[in-house]
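Next up, work_34.pdb (PDB, C-alpha atoms):
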```pdb
MODEL        1
ATOM      1  CA  GLN Z   1      29.777  86.693   8.450  1.00  0.00           C
ATOM      2  CA  VAL Z   2      32.891  85.374  10.188  1.00  0.00           C
ATOM      3  CA  HIS Z   3      35.600  87.593  11.614  1.00  0.00           C
ATOM      4  CA  LEU Z   4      39.074  86.135  12.175  1.00  0.00           C
ATOM      5  CA  VAL Z   5      41.799  87.817  14.222  1.00  0.00           C
ATOM      6  CA  GLU Z   6      45.336  86.465  14.357  1.00  0.00           C
ATOM      7  CA  SER Z   7      47.818  87.213  17.106  1.00  0.00           C
ATOM      8  CA  GLY Z   8      51.151  85.984  18.392  1.00  0.00           C
ATOM      9  CA  GLY Z   9      53.482  86.987  15.594  1.00  0.00           C
ATOM     10  CA  GLY Z  10      56.768  88.732  16.189  1.00  0.00           C
ATOM     11  CA  LEU Z  11      60.530  88.600  15.874  1.00  0.00           C
ATOM     12  CA  VAL Z  12      62.314  85.414  16.902  1.00  0.00           C
ATOM     13  CA  GLN Z  13      65.829  84.046  16.518  1.00  0.00           C
ATOM     14  CA  VAL Z  14      66.642  81.057  14.359  1.00  0.00           C
ATOM     15  CA  GLY Z  15      65.689  77.883  16.186  1.00  0.00           C
ATOM     16  CA  GLY Z  16      63.168  79.688  18.348  1.00  0.00           C
ATOM     17  CA  SER Z  17      59.457  79.117  18.818  1.00  0.00           C
ATOM     18  CA  LEU Z  18      56.256  81.082  18.473  1.00  0.00           C
ATOM     19  CA  ARG Z  19      52.590  80.283  18.919  1.00  0.00           C
ATOM     20  CA  LEU Z  20      50.049  81.951  16.707  1.00  0.00           C
ATOM     21  CA  SER Z  21      46.396  82.188  17.642  1.00  0.00           C
ATOM     22  CA  CYS Z  22      43.355  82.867  15.517  1.00  0.00           C
ATOM     23  CA  ALA Z  23      40.098  83.756  17.212  1.00  0.00           C
ATOM     24  CA  ALA Z  24      36.848  83.551  15.288  1.00  0.00           C
ATOM     25  CA  SER Z  25      33.709  85.546  15.980  1.00  0.00           C
ATOM     26  CA  GLY Z  26      30.460  86.297  14.240  1.00  0.00           C
ATOM     27  CA  ARG Z  27      27.868  83.806  13.135  1.00  0.00           C
ATOM     28  CA  THR Z  28      27.538  80.407  14.775  1.00  0.00           C
ATOM     29  CA  PHE Z  29      30.973  79.065  14.120  1.00  0.00           C
ATOM     30  CA  ASN Z  30      31.102  75.515  12.820  1.00  0.00           C
ATOM     31  CA  PRO Z  31      33.420  75.411   9.824  1.00  0.00           C
ATOM     32  CA  TYR Z  32      34.553  72.322   8.021  1.00  0.00           C
ATOM     33  CA  ALA Z  33      38.187  73.249   8.600  1.00  0.00           C
ATOM     34  CA  MET Z  34      40.567  75.986   9.634  1.00  0.00           C
ATOM     35  CA  GLY Z  35      43.847  76.626   7.905  1.00  0.00           C
ATOM     36  CA  TRP Z  36      47.050  78.586   8.210  1.00  0.00           C
ATOM     37  CA  PHE Z  37      48.741  80.060   5.161  1.00  0.00           C
ATOM     38  CA  ARG Z  38      51.727  82.344   4.798  1.00  0.00           C
ATOM     39  CA  GLN Z  39      53.048  84.807   2.279  1.00  0.00           C
ATOM     40  CA  ALA Z  40      56.612  86.034   2.062  1.00  0.00           C
ATOM     41  CA  PRO Z  41      57.568  89.184   0.132  1.00  0.00           C
ATOM     42  CA  GLY Z  42      57.568  88.551  -3.587  1.00  0.00           C
ATOM     43  CA  LYS Z  43      56.115  85.071  -3.203  1.00  0.00           C
ATOM     44  CA  GLU Z  44      52.689  83.555  -3.546  1.00  0.00           C
ATOM     45  CA  ARG Z  45      50.595  82.626  -0.566  1.00  0.00           C
ATOM     46  CA  GLU Z  46      51.338  79.060   0.494  1.00  0.00           C
ATOM     47  CA  PHE Z  47      49.642  76.442   2.611  1.00  0.00           C
ATOM     48  CA  VAL Z  48      51.095  75.792   6.050  1.00  0.00           C
ATOM     49  CA  ALA Z  49      48.659  73.607   7.976  1.00  0.00           C
ATOM     50  CA  ALA Z  50      44.964  72.823   8.368  1.00  0.00           C
ATOM     51  CA  ILE Z  51      42.699  71.084  10.836  1.00  0.00           C
ATOM     52  CA  THR Z  52      39.138  69.830  10.498  1.00  0.00           C
ATOM     53  CA  TRP Z  53      36.936  71.464  13.089  1.00  0.00           C
ATOM     54  CA  ARG Z  54      34.946  68.469  14.285  1.00  0.00           C
ATOM     55  CA  GLY Z  55      37.267  65.516  13.741  1.00  0.00           C
ATOM     56  CA  GLY Z  56      40.555  67.270  14.361  1.00  0.00           C
ATOM     57  CA  SER Z  57      42.288  65.724  11.368  1.00  0.00           C
ATOM     58  CA  THR Z  58      45.463  67.634  10.572  1.00  0.00           C
ATOM     59  CA  TYR Z  59      47.312  68.403   7.372  1.00  0.00           C
ATOM     60  CA  TYR Z  60      50.745  69.955   6.932  1.00  0.00           C
ATOM     61  CA  ALA Z  61      52.933  71.278   4.195  1.00  0.00           C
ATOM     62  CA  ALA Z  62      56.099  69.285   3.692  1.00  0.00           C
ATOM     63  CA  THR Z  63      58.143  72.310   4.736  1.00  0.00           C
ATOM     64  CA  THR Z  64      56.449  72.586   8.127  1.00  0.00           C
ATOM     65  CA  GLU Z  65      55.582  69.038   9.119  1.00  0.00           C
ATOM     66  CA  GLY Z  66      57.481  67.971  12.200  1.00  0.00           C
ATOM     67  CA  ARG Z  67      58.164  71.558  13.264  1.00  0.00           C
ATOM     68  CA  PHE Z  68      54.688  73.098  13.324  1.00  0.00           C
ATOM     69  CA  THR Z  69      51.588  71.829  15.121  1.00  0.00           C
ATOM     70  CA  ILE Z  70      48.062  73.015  14.439  1.00  0.00           C
ATOM     71  CA  SER Z  71      45.389  72.611  17.084  1.00  0.00           C
ATOM     72  CA  ARG Z  72      42.003  74.023  17.930  1.00  0.00           C
ATOM     73  CA  ASP Z  73      39.834  74.835  20.915  1.00  0.00           C
ATOM     74  CA  ASN Z  74      36.253  74.468  19.772  1.00  0.00           C
ATOM     75  CA  ALA Z  75      34.850  76.026  22.928  1.00  0.00           C
ATOM     76  CA  LYS Z  76      36.892  79.183  22.348  1.00  0.00           C
ATOM     77  CA  ASN Z  77      36.475  79.215  18.553  1.00  0.00           C
ATOM     78  CA  THR Z  78      40.235  79.465  18.343  1.00  0.00           C
ATOM     79  CA  VAL Z  79      42.864  77.734  16.249  1.00  0.00           C
ATOM     80  CA  TYR Z  80      46.554  77.697  17.092  1.00  0.00           C
ATOM     81  CA  LEU Z  81      49.791  77.199  15.228  1.00  0.00           C
ATOM     82  CA  GLN Z  82      52.702  76.188  17.412  1.00  0.00           C
ATOM     83  CA  MET Z  83      55.946  76.721  15.558  1.00  0.00           C
ATOM     84  CA  HIS Z  84      59.295  75.278  16.647  1.00  0.00           C
ATOM     85  CA  SER Z  85      62.788  75.229  15.131  1.00  0.00           C
ATOM     86  CA  LEU Z  86      62.023  78.333  13.143  1.00  0.00           C
ATOM     87  CA  LYS Z  87      64.155  79.127  10.109  1.00  0.00           C
ATOM     88  CA  PRO Z  88      64.716  82.373   8.195  1.00  0.00           C
ATOM     89  CA  GLU Z  89      62.624  80.958   5.357  1.00  0.00           C
ATOM     90  CA  ASP Z  90      59.649  80.822   7.715  1.00  0.00           C
ATOM     91  CA  THR Z  91      59.594  84.612   7.677  1.00  0.00           C
ATOM     92  CA  ALA Z  92      56.232  85.702   6.260  1.00  0.00           C
ATOM     93  CA  VAL Z  93      52.854  87.135   7.048  1.00  0.00           C
ATOM     94  CA  TYR Z  94      50.773  84.306   8.460  1.00  0.00           C
ATOM     95  CA  TYR Z  95      47.055  84.191   7.777  1.00  0.00           C
ATOM     96  CA  CYS Z  96      44.365  82.025   9.253  1.00  0.00           C
ATOM     97  CA  ALA Z  97      41.356  81.102   7.191  1.00  0.00           C
ATOM     98  CA  ALA Z  98      37.995  79.424   7.656  1.00  0.00           C
ATOM     99  CA  ASP Z  99      36.651  76.816   5.254  1.00  0.00           C
ATOM    100  CA  LEU Z 100      32.920  76.672   5.914  1.00  0.00           C
ATOM    101  CA  TYR Z 101      32.074  73.814   3.571  1.00  0.00           C
ATOM    102  CA  LEU Z 102      34.364  71.235   2.017  1.00  0.00           C
ATOM    103  CA  GLN Z 103      34.625  71.844  -1.689  1.00  0.00           C
ATOM    104  CA  ALA Z 104      36.555  70.109  -4.399  1.00  0.00           C
ATOM    105  CA  MET Z 105      39.845  71.950  -3.902  1.00  0.00           C
ATOM    106  CA  GLY Z 106      40.663  70.438  -0.529  1.00  0.00           C
ATOM    107  CA  VAL Z 107      41.976  72.064   2.627  1.00  0.00           C
ATOM    108  CA  THR Z 108      45.456  72.742   1.245  1.00  0.00           C
ATOM    109  CA  ALA Z 109      44.131  75.092  -1.437  1.00  0.00           C
ATOM    110  CA  SER Z 110      43.652  78.764  -0.598  1.00  0.00           C
ATOM    111  CA  HIS Z 111      40.629  79.018  -2.892  1.00  0.00           C
ATOM    112  CA  GLU Z 112      38.870  76.505  -0.655  1.00  0.00           C
ATOM    113  CA  TYR Z 113      38.585  79.051   2.145  1.00  0.00           C
ATOM    114  CA  ASP Z 114      35.775  81.503   2.666  1.00  0.00           C
ATOM    115  CA  TYR Z 115      37.089  83.922   5.299  1.00  0.00           C
ATOM    116  CA  TRP Z 116      40.543  85.258   6.063  1.00  0.00           C
ATOM    117  CA  GLY Z 117      42.171  87.113   8.904  1.00  0.00           C
ATOM    118  CA  GLN Z 118      44.260  90.228   8.473  1.00  0.00           C
ATOM    119  CA  GLY Z 119      47.543  88.394   8.995  1.00  0.00           C
ATOM    120  CA  THR Z 120      50.329  88.532  11.557  1.00  0.00           C
ATOM    121  CA  GLN Z 121      54.006  89.047  10.768  1.00  0.00           C
ATOM    122  CA  VAL Z 122      56.537  86.400  11.738  1.00  0.00           C
ATOM    123  CA  THR Z 123      60.177  87.336  11.315  1.00  0.00           C
ATOM    124  CA  VAL Z 124      62.960  84.846  11.967  1.00  0.00           C
ATOM    125  CA  ALA Z 125      66.317  86.526  12.395  1.00  0.00           C
ATOM    126  CA  SER Z 126      69.510  84.690  11.590  1.00  0.00           C
TER     127      SER Z 126
ENDMDL
END
```

Whole structure given in structure tokens:
Amino acid sequence: QVHLVESGGGLVQVGGSLRLSCAASGRTFNPYAMGWFRQAPGKEREFVAAITWRGGSTYYAATTEGRFTISRDNAKNTVYLQMHSLKPEDTAVYYCAADLYLQAMGVTASHEYDYWGQGTQVTVAS
């Protein structure tokens, strides 16, 4: 069993920055990848970014690449999402997720992931 806890969300002005953290606990933690997804009211959950745990390869959605950076600290079992140049359309609940074993869907697909955090709200005010 893996337990994920996100933190760092909040209210920020347009153009501002936030850093989200996701701490993992539970069983020996060695996933294939960690991902960030978000869900805005009335919309489906969408991929934001992912990182492979051992190699550190990163993947981004087109809407976030260049503004968001995903990173991880293996020693702390923590993954981060640094967000810059925030826009009102970035407003959503942000979830981190753990992908224990690579499956066919790939790290951009929500169904690939095995464990999810409870989410943290990010609100970008215009």

*CA of Thr58 (chain Z) to CA of Ser126 (chain Z): how many Å, to one decimal?*
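Separating CA of Thr58 (chain Z) from CA of Ser126 (chain Z) is a distance of 29.5 Å.
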
ask   = What is the CA of Ala125 (chain Z)-CA of Phe47 (chain Z) distance in Å, reported with one decimal?
value =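 CA of Ala125 (chain Z) sits 21.8 Å away from CA of Phe47 (chain Z).
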
Hey, what comes out of the PyMOL selection byres ((chain Z and resi 12-25) around 9) on this file? Could you write it as a VMD selection string?
chain Z and resid 1 to 11 26 to 29 76 to 88 94 to 98 117 120 122 to 126

Note to self: So the first atom is CA of Ala49 (chain Z) and the second is CA of Ala75 (chain Z); what is the distance between them in Å, to one decimal place?
What the structure shows: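 If I compute the distance from CA of Ala49 (chain Z) to CA of Ala75 (chain Z), I get 20.5 Å.
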
Taking the file above as input, evaluate the PyMOL selection byres ((chain Z and resi 55) around 12) and report the hits as a PyMOL selection string.
-> chain Z and resi 30-34+50-54+56-58+71-72+74

Using only C-alpha atoms, what residues lie at most 10 Å away from (51.7, 84.7, 5.4) (file coordinates), given as a PDB file with C-alpha atoms, in the coordinates of the input?
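Result file follows (result.pdb):
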```
ATOM      1  CA  TRP Z  36      47.050  78.586   8.210  1.00  0.00           C
ATOM      2  CA  PHE Z  37      48.741  80.060   5.161  1.00  0.00           C
ATOM      3  CA  ARG Z  38      51.727  82.344   4.798  1.00  0.00           C
ATOM      4  CA  GLN Z  39      53.048  84.807   2.279  1.00  0.00           C
ATOM      5  CA  ALA Z  40      56.612  86.034   2.062  1.00  0.00           C
ATOM      6  CA  PRO Z  41      57.568  89.184   0.132  1.00  0.00           C
ATOM      7  CA  LYS Z  43      56.115  85.071  -3.203  1.00  0.00           C
ATOM      8  CA  GLU Z  44      52.689  83.555  -3.546  1.00  0.00           C
ATOM      9  CA  ARG Z  45      50.595  82.626  -0.566  1.00  0.00           C
ATOM     10  CA  GLU Z  46      51.338  79.060   0.494  1.00  0.00           C
ATOM     11  CA  PHE Z  47      49.642  76.442   2.611  1.00  0.00           C
ATOM     12  CA  VAL Z  48      51.095  75.792   6.050  1.00  0.00           C
ATOM     13  CA  ASP Z  90      59.649  80.822   7.715  1.00  0.00           C
ATOM     14  CA  THR Z  91      59.594  84.612   7.677  1.00  0.00           C
ATOM     15  CA  ALA Z  92      56.232  85.702   6.260  1.00  0.00           C
ATOM     16  CA  VAL Z  93      52.854  87.135   7.048  1.00  0.00           C
ATOM     17  CA  TYR Z  94      50.773  84.306   8.460  1.00  0.00           C
ATOM     18  CA  TYR Z  95      47.055  84.191   7.777  1.00  0.00           C
ATOM     19  CA  CYS Z  96      44.365  82.025   9.253  1.00  0.00           C
ATOM     20  CA  GLN Z 118      44.260  90.228   8.473  1.00  0.00           C
ATOM     21  CA  GLY Z 119      47.543  88.394   8.995  1.00  0.00           C
ATOM     22  CA  THR Z 120      50.329  88.532  11.557  1.00  0.00           C
ATOM     23  CA  GLN Z 121      54.006  89.047  10.768  1.00  0.00           C
ATOM     24  CA  VAL Z 122      56.537  86.400  11.738  1.00  0.00           C
TER      25      VAL Z 122
END
```

Using the file's own x, y and z axes, what box holds all listed atoms of region 92-104 of chain Z with 6 Å on each side, keeping edges along x, y and z, and what are its centre and edge lengths in Å to one decimal, as JSON?
```
{"center_x": 44.2, "center_y": 78.6, "center_z": 2.4, "size_x": 36.2, "size_y": 29.0, "size_z": 25.7}
```
